[in-house]
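Participant: Sharing a structure below in structure tokens format, with a few things to ask.
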Protein chains: 2
Amino acid sequence: MNQAAPTLDDVARIAGVSTATVSRCLNLPDKVSGSTRRKVMQAIDELGYTPNFGARVMASKRSFTIGAIIPTMENAIFARGLQAFQETLHTLGYTLLVSSTAYRPDVEAEQIKSLVARGADGLLLIGYERENAVYDYLARQSIPTLLAWAFSPTSKQASIGFDNRASMRALSSKAIGMGHRHVAAISGIVAGNDRAAERLQGIRDGLVTHGLDPADLQIIETPYEIENGALAFEEIMKASPRPTLVMCGNDVLAVGAIQRARALGIRVPADVSITGFDDIELARIVTPQLTTVHVPHREMGRKAAHELIEMVAGQSTGHSEQLQTTLELRESLGPPLSEAS
Amino acid sequence: MNQAAPTLDDVARIAGVSTATVSRCLNLPDKVSGSTRRKVMQAIDELGYTPNFGARVMASKRSFTIGAIIPTMENAIFARGLQAFQETLHTLGYTLLVSSTAYRPDVEAEQIKSLVARGADGLLLIGYERENAVYDYLARQSIPTLLAWAFSPTSKQASIGFDNRASMRALSSKAIGMGHRHVAAISGIVAGNDRAAERLQGIRDGLVTHGLDPADLQIIETPYEIENGALAFEEIMKASPRPTLVMCGNDVLAVGAIQRARALGIRVPADVSITGFDDIELARIVTPQLTTVHVPHREMGRKAAHELIEMVAGQSTGHSEQLQTTLELRESLGPPLSEAS
DNA sequence: TTGTATGCGTTATCAT
DNA sequence: ATGATAACGCATACAA
């Protein structure tokens, strides 16, 4: 009458073999005769035995586990990409462990250590920007690390991502090219978030392209939450003259802005155009549908999984790849109404 | 020049103490003199040492880790509740590991074993319905398990949840009481999902209350995805006479239905009323805003965390608690237009 | 094909 | 206050 969970020893005893044989049945089934294998397998599910993961990792130095650390799980920004990442890992025989940081660098450092301590064979992190101490730690543990959601040709860190600045520049240029002269931005918090910073730069690029002064860009920085987008939008609408184009750092903020516009009786895009970034599911659900930058999330997740596993297997030292985004022009963007001025 | 990650031994050597002392510094700092503790701490971050989690669990029999297994992470159904669950666990000194099953019982059984193997001190599962073998396994491993998102006074399994059937009955009765005679349902897959089954029963209850025949209820069962809600809605609209009320198993399906209604030029609620269940963020974003059942997700998450930790600590053998839902009446529900008939 | 023995990194018991 | 040392559960090199 065992209170505790059954171990290899228990299985071995019942099956009348050594623990080594039981271990082989689980890991190298063909190195064991059919008859004994059957005995062992029977003992295993008779006992309801499950191998102890920690012990296994300690003894074998391999966990077949990959860790991913993302800024947030609260909205869908990372959901689709991560889903594809995990599905691909699964087909490769790996398990994904994910944790989030609430956009706090200190929490990220903590989570990294936690995943390493849990024996992760490799890590997926979002973006480039973090302290050198973190990269040093990763190097000392010699744990393969891949970045995603950003791409910089100049960095030596391996990354599967896209050019946030160029992507936003494309949208910005397109939108401003429609004739908007008064532009505002609702950005995510830039500090510690290279993607947010680059997107903001992309907006400025578009202004410059069309001969506008980027210094005139009204900017509100706020965490990625729908309600924050709404509040920022309301604030921006107090300006005079009112902007006719409000570009948001991502779809979450943009959806908040659209919601508030309706609440205030401001027509989109007749009175003001609103744009987003990411093309999450919400972008099509909101009314009017949101013009945004489409990011190939699933492709990114898949490719990241393959690359990271190659790194873990020692078949790659870390290759980078830049993915292309596309403009998704929907109802929320239009030319400004011709003004009396 | 160590290639591998530093261990307790390395720290002990550098600090000039025994491994036991280092271990104490980490776990029982006050049983160590201030001077040696400083030496040790310095050695620790000089090396960038992180305790090996697996070894720690194996030696101490405690992981301070809780596992949660939910049907899906793809939509926001479980996001808010789980977020609160994890936040509360964190304040109690526990870490949350979560995995998903895609609503497949076999995957759930697998995930349970995986989390147990990883040393989880306790488990949170969704709903009651699963094979006895699973409950037996849990009992044999004597691992505290708490259920959530459902509540049944007759079960001996501890659970923090709400009455899915009664909640849907309240909504159903309210809606049908407005005068609807032709009702359809878009339900989640009922097999293996007690919440979906109970909600469907709740709809039937409402019909009966108002003297309608539940056998007349047109039902489409489909996985919880927005697109599926849209497809089901379109299918339902082919019926003659058309239903004037379409009740959905959750908000995700309902949002899909609303989207498709607009695409088809069907006015909501003038031509047809649509209702959901859960009150996720989407419910307020969609146009028209969705009438639904509000579930106190955050309260559920918080209370589940506290109860489960008490069970883990041996201070509780598992208490159940029923939470109250509320009706959230919004734009998508209205009385049927008076018909010629 | 199967068994023996050792080590993995930590905690905890027992001495000192 | 600190140090030996025996578990913990498993994989694997080496023998048989």
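Note on naming: chains are A, B, ... as they come in the structure tokens, residues start from 1 per chain, ligands start from 1 in the order shown.
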Using only C-alpha atoms (C1' of nucleotides), determine which residues of chain B fall within 9 Å of chain C; present them as a ChimeraX atom specification.
Facilitator: /B:7-9,20,23,51-60
Participant: Would you mind telling me which residue in B:Leu28, B:Leu308, B:Leu96, B:Ala15 lies nearest to chain A when using only C-alpha atoms?
Facilitator: B:Leu96
Participant: Excluding same-chain residues fewer than 4 positions from segment 144-158 of chain A, what lies within 9 Å of it counting only C-alpha atoms (C1' of nucleotides), as JSON, numbers by chain?
Facilitator: {"A": [121, 122, 123, 124, 125, 126, 127, 128, 138, 139, 162, 163, 164, 194, 195, 297, 300, 301, 304, 307, 308, 309, 311, 312, 317, 318, 319, 320, 321, 322, 323]}
Participant: How about saving the chosen residues, N, CA and C atoms kept, as a PDB file, in the first residue's frame?
Facilitator:
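Saved file part13.pdb follows:
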ATOM      1  N   ASP A 121      15.926  23.448 -22.603  1.00  0.00           N
ATOM      2  CA  ASP A 121      17.023  23.224 -23.544  1.00  0.00           C
ATOM      3  C   ASP A 121      17.289  24.457 -24.404  1.00  0.00           C
ATOM      4  N   GLY A 122      16.294  25.326 -24.507  1.00  0.00           N
ATOM      5  CA  GLY A 122      16.442  26.530 -25.327  1.00  0.00           C
ATOM      6  C   GLY A 122      15.399  27.555 -24.927  1.00  0.00           C
ATOM      7  N   LEU A 123      15.619  28.789 -25.337  1.00  0.00           N
ATOM      8  CA  LEU A 123      14.742  29.884 -24.927  1.00  0.00           C
ATOM      9  C   LEU A 123      14.321  30.745 -26.118  1.00  0.00           C
ATOM     10  N   LEU A 124      13.068  31.189 -26.081  1.00  0.00           N
ATOM     11  CA  LEU A 124      12.594  32.171 -27.058  1.00  0.00           C
ATOM     12  C   LEU A 124      12.250  33.458 -26.315  1.00  0.00           C
ATOM     13  N   LEU A 125      12.867  34.561 -26.742  1.00  0.00           N
ATOM     14  CA  LEU A 125      12.598  35.846 -26.103  1.00  0.00           C
ATOM     15  C   LEU A 125      12.075  36.831 -27.138  1.00  0.00           C
ATOM     16  N   ILE A 126      11.389  37.860 -26.671  1.00  0.00           N
ATOM     17  CA  ILE A 126      10.794  38.841 -27.585  1.00  0.00           C
ATOM     18  C   ILE A 126      11.649  40.108 -27.654  1.00  0.00           C
ATOM     19  N   GLY A 127      12.084  40.459 -28.847  1.00  0.00           N
ATOM     20  CA  GLY A 127      12.824  41.709 -29.034  1.00  0.00           C
ATOM     21  C   GLY A 127      14.274  41.645 -28.562  1.00  0.00           C
ATOM     22  N   TYR A 128      15.014  42.698 -28.872  1.00  0.00           N
ATOM     23  CA  TYR A 128      16.450  42.723 -28.588  1.00  0.00           C
ATOM     24  C   TYR A 128      16.796  43.342 -27.247  1.00  0.00           C
ATOM     25  N   LEU A 138      22.991  34.158 -20.067  1.00  0.00           N
ATOM     26  CA  LEU A 138      22.578  33.162 -21.063  1.00  0.00           C
ATOM     27  C   LEU A 138      23.799  32.485 -21.690  1.00  0.00           C
ATOM     28  N   ALA A 139      24.805  33.300 -21.983  1.00  0.00           N
ATOM     29  CA  ALA A 139      26.009  32.762 -22.608  1.00  0.00           C
ATOM     30  C   ALA A 139      26.732  31.803 -21.655  1.00  0.00           C
ATOM     31  N   PHE A 162      10.553  40.729 -37.884  1.00  0.00           N
ATOM     32  CA  PHE A 162      10.256  41.652 -38.979  1.00  0.00           C
ATOM     33  C   PHE A 162      10.731  43.038 -38.571  1.00  0.00           C
ATOM     34  N   ASP A 163      10.797  43.925 -39.539  1.00  0.00           N
ATOM     35  CA  ASP A 163      11.292  45.269 -39.300  1.00  0.00           C
ATOM     36  C   ASP A 163      10.143  46.164 -38.855  1.00  0.00           C
ATOM     37  N   ASN A 164      10.062  46.377 -37.560  1.00  0.00           N
ATOM     38  CA  ASN A 164       8.950  47.154 -37.016  1.00  0.00           C
ATOM     39  C   ASN A 164       8.904  48.570 -37.579  1.00  0.00           C
ATOM     40  N   ASP A 194      11.823  47.796 -27.655  1.00  0.00           N
ATOM     41  CA  ASP A 194      12.366  48.245 -28.936  1.00  0.00           C
ATOM     42  C   ASP A 194      11.317  48.230 -30.040  1.00  0.00           C
ATOM     43  N   ARG A 195      10.366  47.296 -29.984  1.00  0.00           N
ATOM     44  CA  ARG A 195       9.339  47.270 -31.030  1.00  0.00           C
ATOM     45  C   ARG A 195       8.516  48.548 -30.992  1.00  0.00           C
ATOM     46  N   HIS A 297       2.279  36.121 -38.118  1.00  0.00           N
ATOM     47  CA  HIS A 297       2.549  35.522 -36.812  1.00  0.00           C
ATOM     48  C   HIS A 297       2.804  34.030 -36.866  1.00  0.00           C
ATOM     49  N   MET A 300       6.040  33.141 -38.405  1.00  0.00           N
ATOM     50  CA  MET A 300       7.123  33.484 -37.484  1.00  0.00           C
ATOM     51  C   MET A 300       7.274  32.417 -36.403  1.00  0.00           C
ATOM     52  N   GLY A 301       6.149  31.983 -35.852  1.00  0.00           N
ATOM     53  CA  GLY A 301       6.182  30.957 -34.818  1.00  0.00           C
ATOM     54  C   GLY A 301       6.769  29.651 -35.331  1.00  0.00           C
ATOM     55  N   ALA A 304      10.539  30.065 -36.083  1.00  0.00           N
ATOM     56  CA  ALA A 304      11.300  30.191 -34.841  1.00  0.00           C
ATOM     57  C   ALA A 304      11.487  28.825 -34.192  1.00  0.00           C
ATOM     58  N   GLU A 307      14.158  26.834 -36.141  1.00  0.00           N
ATOM     59  CA  GLU A 307      15.504  27.368 -35.952  1.00  0.00           C
ATOM     60  C   GLU A 307      16.026  27.071 -34.545  1.00  0.00           C
ATOM     61  N   LEU A 308      15.154  27.282 -33.553  1.00  0.00           N
ATOM     62  CA  LEU A 308      15.599  27.078 -32.173  1.00  0.00           C
ATOM     63  C   LEU A 308      15.976  25.620 -31.921  1.00  0.00           C
ATOM     64  N   ILE A 309      15.192  24.721 -32.461  1.00  0.00           N
ATOM     65  CA  ILE A 309      15.498  23.302 -32.259  1.00  0.00           C
ATOM     66  C   ILE A 309      16.810  22.927 -32.959  1.00  0.00           C
ATOM     67  N   MET A 311      19.273  24.890 -33.242  1.00  0.00           N
ATOM     68  CA  MET A 311      20.298  25.415 -32.350  1.00  0.00           C
ATOM     69  C   MET A 311      20.495  24.478 -31.164  1.00  0.00           C
ATOM     70  N   VAL A 312      19.410  24.010 -30.610  1.00  0.00           N
ATOM     71  CA  VAL A 312      19.481  23.107 -29.469  1.00  0.00           C
ATOM     72  C   VAL A 312      20.200  21.810 -29.853  1.00  0.00           C
ATOM     73  N   THR A 317      24.209  27.610 -35.253  1.00  0.00           N
ATOM     74  CA  THR A 317      24.687  28.504 -34.203  1.00  0.00           C
ATOM     75  C   THR A 317      23.783  29.713 -34.088  1.00  0.00           C
ATOM     76  N   GLY A 318      22.675  29.672 -34.858  1.00  0.00           N
ATOM     77  CA  GLY A 318      21.719  30.751 -34.765  1.00  0.00           C
ATOM     78  C   GLY A 318      21.637  31.611 -36.015  1.00  0.00           C
ATOM     79  N   HIS A 319      20.736  31.280 -36.886  1.00  0.00           N
ATOM     80  CA  HIS A 319      20.542  32.096 -38.081  1.00  0.00           C
ATOM     81  C   HIS A 319      19.379  33.048 -37.879  1.00  0.00           C
ATOM     82  N   SER A 320      19.444  34.191 -38.494  1.00  0.00           N
ATOM     83  CA  SER A 320      18.355  35.156 -38.415  1.00  0.00           C
ATOM     84  C   SER A 320      17.567  35.149 -39.714  1.00  0.00           C
ATOM     85  N   GLU A 321      16.317  35.548 -39.600  1.00  0.00           N
ATOM     86  CA  GLU A 321      15.525  35.670 -40.817  1.00  0.00           C
ATOM     87  C   GLU A 321      14.544  36.826 -40.679  1.00  0.00           C
ATOM     88  N   GLN A 322      14.475  37.619 -41.723  1.00  0.00           N
ATOM     89  CA  GLN A 322      13.530  38.728 -41.719  1.00  0.00           C
ATOM     90  C   GLN A 322      12.269  38.338 -42.473  1.00  0.00           C
ATOM     91  N   LEU A 323      11.138  38.534 -41.837  1.00  0.00           N
ATOM     92  CA  LEU A 323       9.864  38.231 -42.487  1.00  0.00           C
ATOM     93  C   LEU A 323       9.224  39.523 -42.982  1.00  0.00           C
TER      94      LEU A 323
END
Participant: Would you list which chain D residues are within 9 Å of chain B using only C-alpha atoms (C1' of nucleotides), as a short mmCIF file (atom, residue, chain, number, x, y, z; two decimals) with C-alpha atoms (C1' of nucleotides), in the first residue's frame?
Facilitator:
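Result file iface-v8.cif:
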data_model
loop_
_atom_site.label_atom_id
_atom_site.label_comp_id
_atom_site.auth_asym_id
_atom_site.auth_seq_id
_atom_site.Cartn_x
_atom_site.Cartn_y
_atom_site.Cartn_z
"C1'" DA D 1 26.86 27.85 13.29
"C1'" DT D 2 28.79 24.47 10.23
"C1'" DG D 3 30.11 20.06 7.98
"C1'" DA D 7 18.65 9.96 0.19
"C1'" DC D 8 15.69 11.58 -4.04
"C1'" DG D 9 14.50 8.96 -9.14
#
Participant: So that I can see what lies close to segment 244-255 of chain A, please list as an MDAnalysis selection string the residues with an atom at most 7 Å from it, counting only C-alpha atoms (C1' of nucleotides) and leaving out residues fewer than 2 positions away in the same chain.
Facilitator: chainID A and resid 180 182:188 196 199 224:226 228:229 242 257:259 271:280 283 286 336
Participant: Output the selection as a compact mmCIF listing (two decimals), in the first residue's frame - C-alpha atoms for each residue.
Facilitator:
# COMPACT_ATOMS: atom_id res chain seq x y z
CA HIS A 180 -3.58 64.14 -43.62
CA HIS A 182 -2.53 66.79 -38.51
CA VAL A 183 -1.33 63.49 -37.11
CA ALA A 184 -1.21 62.04 -33.60
CA ALA A 185 0.22 58.82 -32.23
CA ILE A 186 -0.86 56.53 -29.42
CA SER A 187 2.25 54.51 -28.68
CA GLY A 188 3.03 51.68 -26.31
CA ALA A 196 7.32 50.18 -29.67
CA ARG A 199 7.11 51.74 -34.66
CA TYR A 224 -1.12 48.17 -24.38
CA GLU A 225 -4.67 47.94 -23.08
CA ILE A 226 -7.95 48.71 -24.77
CA ASN A 228 -5.75 53.02 -22.37
CA GLY A 229 -6.28 53.44 -26.09
CA ARG A 242 -7.91 68.13 -34.14
CA ALA A 257 -9.54 54.45 -29.80
CA ILE A 258 -12.28 53.34 -32.18
CA GLN A 259 -14.56 52.46 -29.30
CA ASP A 271 -13.83 62.80 -38.89
CA VAL A 272 -10.68 60.93 -37.96
CA SER A 273 -8.80 57.94 -39.35
CA ILE A 274 -7.37 55.36 -36.97
CA THR A 275 -4.73 52.70 -37.66
CA GLY A 276 -3.25 49.80 -35.73
CA PHE A 277 -0.46 47.24 -35.94
CA ASP A 278 -0.42 43.41 -35.71
CA ASP A 279 -3.66 42.43 -37.40
CA ILE A 280 -5.04 40.40 -34.53
CA ALA A 283 -9.06 44.16 -36.06
CA VAL A 286 -14.39 46.08 -34.46
CA PRO A 336 -9.37 63.69 -44.53
Participant: Could you write out as a PyMOL selection string the residues of chain A within 10 Å of chain B, counting only C-alpha atoms?
Facilitator: chain A and resi 2-6+47-58+73-76+79-80+82-83+95-99+113-119+133+136-143+226+255-256+258-259+281-282+284-288
Participant: What separation in Å, quoted to one decimal, exists between atom CA of Asp216 of chain A and atom CA of Lys174 of chain A?
Facilitator: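 Separating atom CA of Asp216 of chain A from atom CA of Lys174 of chain A is a distance of 18.5 Å.
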Participant: Would you return as a PyMOL selection string the members of segment 178-298 of chain B that DSSP assigns to alpha helix (DSSP H) on this structure's backbone?
Facilitator: chain B and resi 194-209+226-236+251-263+282-285+297-298
Participant: Create the file for the chosen residues now, containing N, CA and C atoms and written as a CSV table (one decimal), in the first residue's frame.
Facilitator:
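See out.csv below for the written result:
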chain,number,residue,atom,x,y,z
B,194,ASP,N,-19.0,19.3,-19.8
B,194,ASP,CA,-20.2,19.4,-19.0
B,194,ASP,C,-20.7,20.8,-19.0
B,195,ARG,N,-19.8,21.8,-19.2
B,195,ARG,CA,-20.3,23.2,-19.2
B,195,ARG,C,-21.2,23.4,-20.4
B,196,ALA,N,-20.8,23.0,-21.5
B,196,ALA,CA,-21.6,23.2,-22.7
B,196,ALA,C,-22.9,22.4,-22.6
B,197,ALA,N,-22.9,21.2,-22.1
B,197,ALA,CA,-24.1,20.5,-22.0
B,197,ALA,C,-25.1,21.2,-21.0
B,198,GLU,N,-24.6,21.7,-19.9
B,198,GLU,CA,-25.5,22.3,-19.0
B,198,GLU,C,-26.1,23.6,-19.5
B,199,ARG,N,-25.3,24.3,-20.2
B,199,ARG,CA,-25.8,25.6,-20.8
B,199,ARG,C,-26.9,25.3,-21.8
B,200,LEU,N,-26.8,24.2,-22.5
B,200,LEU,CA,-27.8,23.8,-23.5
B,200,LEU,C,-29.1,23.5,-22.7
B,201,GLN,N,-28.9,22.8,-21.6
B,201,GLN,CA,-30.0,22.4,-20.8
B,201,GLN,C,-30.7,23.7,-20.3
B,202,GLY,N,-29.9,24.6,-19.9
B,202,GLY,CA,-30.4,25.9,-19.4
B,202,GLY,C,-31.3,26.6,-20.4
B,203,ILE,N,-30.9,26.5,-21.7
B,203,ILE,CA,-31.7,27.1,-22.8
B,203,ILE,C,-33.1,26.4,-22.8
B,204,ARG,N,-33.0,25.1,-22.8
B,204,ARG,CA,-34.3,24.3,-22.8
B,204,ARG,C,-35.2,24.6,-21.7
B,205,ASP,N,-34.5,24.8,-20.5
B,205,ASP,CA,-35.3,25.1,-19.3
B,205,ASP,C,-36.2,26.4,-19.6
B,206,GLY,N,-35.5,27.3,-20.2
B,206,GLY,CA,-36.2,28.6,-20.4
B,206,GLY,C,-37.4,28.4,-21.3
B,207,LEU,N,-37.2,27.5,-22.3
B,207,LEU,CA,-38.3,27.3,-23.3
B,207,LEU,C,-39.5,26.7,-22.5
B,208,VAL,N,-39.2,25.7,-21.7
B,208,VAL,CA,-40.2,25.0,-21.0
B,208,VAL,C,-41.0,26.0,-20.1
B,209,THR,N,-40.2,26.8,-19.4
B,209,THR,CA,-40.8,27.8,-18.5
B,209,THR,C,-41.9,28.7,-19.2
B,226,ILE,N,-14.8,31.8,-33.5
B,226,ILE,CA,-15.6,32.9,-34.1
B,226,ILE,C,-16.1,32.5,-35.4
B,227,GLU,N,-15.3,31.9,-36.3
B,227,GLU,CA,-15.7,31.6,-37.6
B,227,GLU,C,-16.8,30.5,-37.6
B,228,ASN,N,-16.7,29.6,-36.6
B,228,ASN,CA,-17.7,28.6,-36.5
B,228,ASN,C,-19.1,29.2,-36.1
B,229,GLY,N,-19.0,30.2,-35.3
B,229,GLY,CA,-20.3,30.9,-34.9
B,229,GLY,C,-20.9,31.5,-36.1
B,230,ALA,N,-20.1,32.0,-37.0
B,230,ALA,CA,-20.6,32.7,-38.2
B,230,ALA,C,-21.2,31.6,-39.1
B,231,LEU,N,-20.5,30.5,-39.3
B,231,LEU,CA,-21.1,29.5,-40.2
B,231,LEU,C,-22.4,28.9,-39.6
B,232,ALA,N,-22.4,28.7,-38.4
B,232,ALA,CA,-23.6,28.1,-37.8
B,232,ALA,C,-24.8,29.1,-37.9
B,233,PHE,N,-24.5,30.4,-37.7
B,233,PHE,CA,-25.5,31.4,-37.8
B,233,PHE,C,-26.1,31.4,-39.2
B,234,GLU,N,-25.3,31.4,-40.2
B,234,GLU,CA,-25.7,31.4,-41.6
B,234,GLU,C,-26.6,30.2,-41.9
B,235,GLU,N,-26.2,29.1,-41.3
B,235,GLU,CA,-27.0,27.8,-41.5
B,235,GLU,C,-28.4,28.0,-40.9
B,236,ILE,N,-28.4,28.5,-39.7
B,236,ILE,CA,-29.6,28.7,-39.0
B,236,ILE,C,-30.6,29.6,-39.7
B,251,ASP,N,-19.5,33.6,-25.7
B,251,ASP,CA,-19.4,34.9,-26.4
B,251,ASP,C,-18.6,34.7,-27.8
B,252,VAL,N,-17.7,33.8,-27.8
B,252,VAL,CA,-17.0,33.6,-29.0
B,252,VAL,C,-17.9,33.2,-30.2
B,253,LEU,N,-18.7,32.3,-30.0
B,253,LEU,CA,-19.7,31.9,-31.0
B,253,LEU,C,-20.6,33.0,-31.3
B,254,ALA,N,-21.1,33.7,-30.3
B,254,ALA,CA,-22.0,34.8,-30.5
B,254,ALA,C,-21.4,36.0,-31.3
B,255,VAL,N,-20.2,36.2,-31.1
B,255,VAL,CA,-19.5,37.3,-31.8
B,255,VAL,C,-19.5,36.9,-33.3
B,256,GLY,N,-19.2,35.7,-33.6
B,256,GLY,CA,-19.2,35.2,-34.9
B,256,GLY,C,-20.5,35.3,-35.6
B,257,ALA,N,-21.6,35.0,-34.8
B,257,ALA,CA,-22.9,35.1,-35.3
B,257,ALA,C,-23.3,36.6,-35.6
B,258,ILE,N,-22.9,37.5,-34.8
B,258,ILE,CA,-23.2,38.9,-35.0
B,258,ILE,C,-22.5,39.4,-36.3
B,259,GLN,N,-21.2,39.0,-36.4
B,259,GLN,CA,-20.5,39.4,-37.6
B,259,GLN,C,-21.2,38.9,-38.9
B,260,ARG,N,-21.5,37.7,-38.9
B,260,ARG,CA,-22.2,37.1,-40.1
B,260,ARG,C,-23.5,37.8,-40.3
B,261,ALA,N,-24.2,38.1,-39.2
B,261,ALA,CA,-25.5,38.8,-39.4
B,261,ALA,C,-25.3,40.1,-40.2
B,262,ARG,N,-24.3,40.8,-39.8
B,262,ARG,CA,-24.1,42.1,-40.5
B,262,ARG,C,-23.8,41.8,-42.0
B,263,ALA,N,-22.9,40.8,-42.2
B,263,ALA,CA,-22.5,40.5,-43.5
B,263,ALA,C,-23.7,40.1,-44.4
B,282,LEU,N,-14.5,40.9,-25.6
B,282,LEU,CA,-15.1,41.0,-27.0
B,282,LEU,C,-16.6,41.4,-26.9
B,283,ALA,N,-17.3,41.0,-25.9
B,283,ALA,CA,-18.7,41.3,-25.8
B,283,ALA,C,-19.0,42.7,-25.9
B,284,ARG,N,-18.2,43.6,-25.4
B,284,ARG,CA,-18.4,45.0,-25.4
B,284,ARG,C,-17.9,45.7,-26.7
B,285,ILE,N,-17.0,45.0,-27.4
B,285,ILE,CA,-16.3,45.6,-28.5
B,285,ILE,C,-17.2,45.4,-29.8
B,297,HIS,N,-15.0,36.0,-13.3
B,297,HIS,CA,-13.8,35.2,-13.6
B,297,HIS,C,-12.7,35.5,-12.6
B,298,ARG,N,-12.5,36.8,-12.3
B,298,ARG,CA,-11.3,37.1,-11.4
B,298,ARG,C,-11.6,36.6,-10.0
Participant: Mind pulling up the distance from atom CA of Thr292 of chain A to atom CA of Ser172 of chain A?
Facilitator: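 Calculated distance between atom CA of Ser172 of chain A and atom CA of Thr292 of chain A is 10.2 Å.
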Participant: From a backbone DSSP assignment, name each residue in segment 24-102 of chain B labelled strand (DSSP E), as a ChimeraX atom specification.
Facilitator: /B:65-70,95-100
Participant: Which residues, written as an MDAnalysis selection string, have at least one atom at most 10 Å from Thr101 of chain B, with only C-alpha atoms (C1' of nucleotides) counted and residues fewer than 5 positions away on the same chain left out?
Facilitator: chainID B and resid 69:73 106:111
Participant: Using only N, CA and C atoms, please write the residues we just selected to a file, as a PDB file, in the first residue's frame.
Facilitator:
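As a result, selection34.pdb now contains:
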ATOM      1  N   ILE B  69      -4.703  23.097 -16.109  1.00  0.00           N
ATOM      2  CA  ILE B  69      -4.927  22.560 -17.449  1.00  0.00           C
ATOM      3  C   ILE B  69      -6.265  23.053 -17.944  1.00  0.00           C
ATOM      4  N   ILE B  70      -6.231  23.830 -19.008  1.00  0.00           N
ATOM      5  CA  ILE B  70      -7.455  24.412 -19.548  1.00  0.00           C
ATOM      6  C   ILE B  70      -7.684  23.897 -20.968  1.00  0.00           C
ATOM      7  N   PRO B  71      -8.924  23.973 -21.432  1.00  0.00           N
ATOM      8  CA  PRO B  71      -9.214  23.447 -22.768  1.00  0.00           C
ATOM      9  C   PRO B  71      -8.503  24.197 -23.887  1.00  0.00           C
ATOM     10  N   THR B  72      -8.397  25.519 -23.764  1.00  0.00           N
ATOM     11  CA  THR B  72      -7.785  26.258 -24.858  1.00  0.00           C
ATOM     12  C   THR B  72      -7.217  27.589 -24.407  1.00  0.00           C
ATOM     13  N   MET B  73      -6.182  28.009 -25.079  1.00  0.00           N
ATOM     14  CA  MET B  73      -5.630  29.346 -24.830  1.00  0.00           C
ATOM     15  C   MET B  73      -5.926  30.252 -26.010  1.00  0.00           C
ATOM     16  N   ASP B 106      -8.033  12.862 -23.961  1.00  0.00           N
ATOM     17  CA  ASP B 106      -6.774  12.116 -23.947  1.00  0.00           C
ATOM     18  C   ASP B 106      -5.595  13.054 -23.743  1.00  0.00           C
ATOM     19  N   VAL B 107      -5.673  14.220 -24.364  1.00  0.00           N
ATOM     20  CA  VAL B 107      -4.592  15.195 -24.184  1.00  0.00           C
ATOM     21  C   VAL B 107      -4.570  15.676 -22.735  1.00  0.00           C
ATOM     22  N   GLU B 108      -5.767  15.844 -22.176  1.00  0.00           N
ATOM     23  CA  GLU B 108      -5.806  16.282 -20.784  1.00  0.00           C
ATOM     24  C   GLU B 108      -5.122  15.268 -19.869  1.00  0.00           C
ATOM     25  N   ALA B 109      -5.423  14.005 -20.066  1.00  0.00           N
ATOM     26  CA  ALA B 109      -4.818  12.957 -19.243  1.00  0.00           C
ATOM     27  C   ALA B 109      -3.297  13.003 -19.360  1.00  0.00           C
ATOM     28  N   GLU B 110      -2.845  13.216 -20.571  1.00  0.00           N
ATOM     29  CA  GLU B 110      -1.416  13.323 -20.841  1.00  0.00           C
ATOM     30  C   GLU B 110      -0.798  14.516 -20.092  1.00  0.00           C
ATOM     31  N   GLN B 111      -1.482  15.635 -20.193  1.00  0.00           N
ATOM     32  CA  GLN B 111      -0.973  16.857 -19.566  1.00  0.00           C
ATOM     33  C   GLN B 111      -0.949  16.722 -18.041  1.00  0.00           C
TER      34      GLN B 111
END
Participant: How far is it from atom CA of Val11 of chain A to atom CA of Gly34 of chain A, in Å with one decimal?
Facilitator: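 Answer for the atom CA of Val11 of chain A to atom CA of Gly34 of chain A separation: 16.8 Å.
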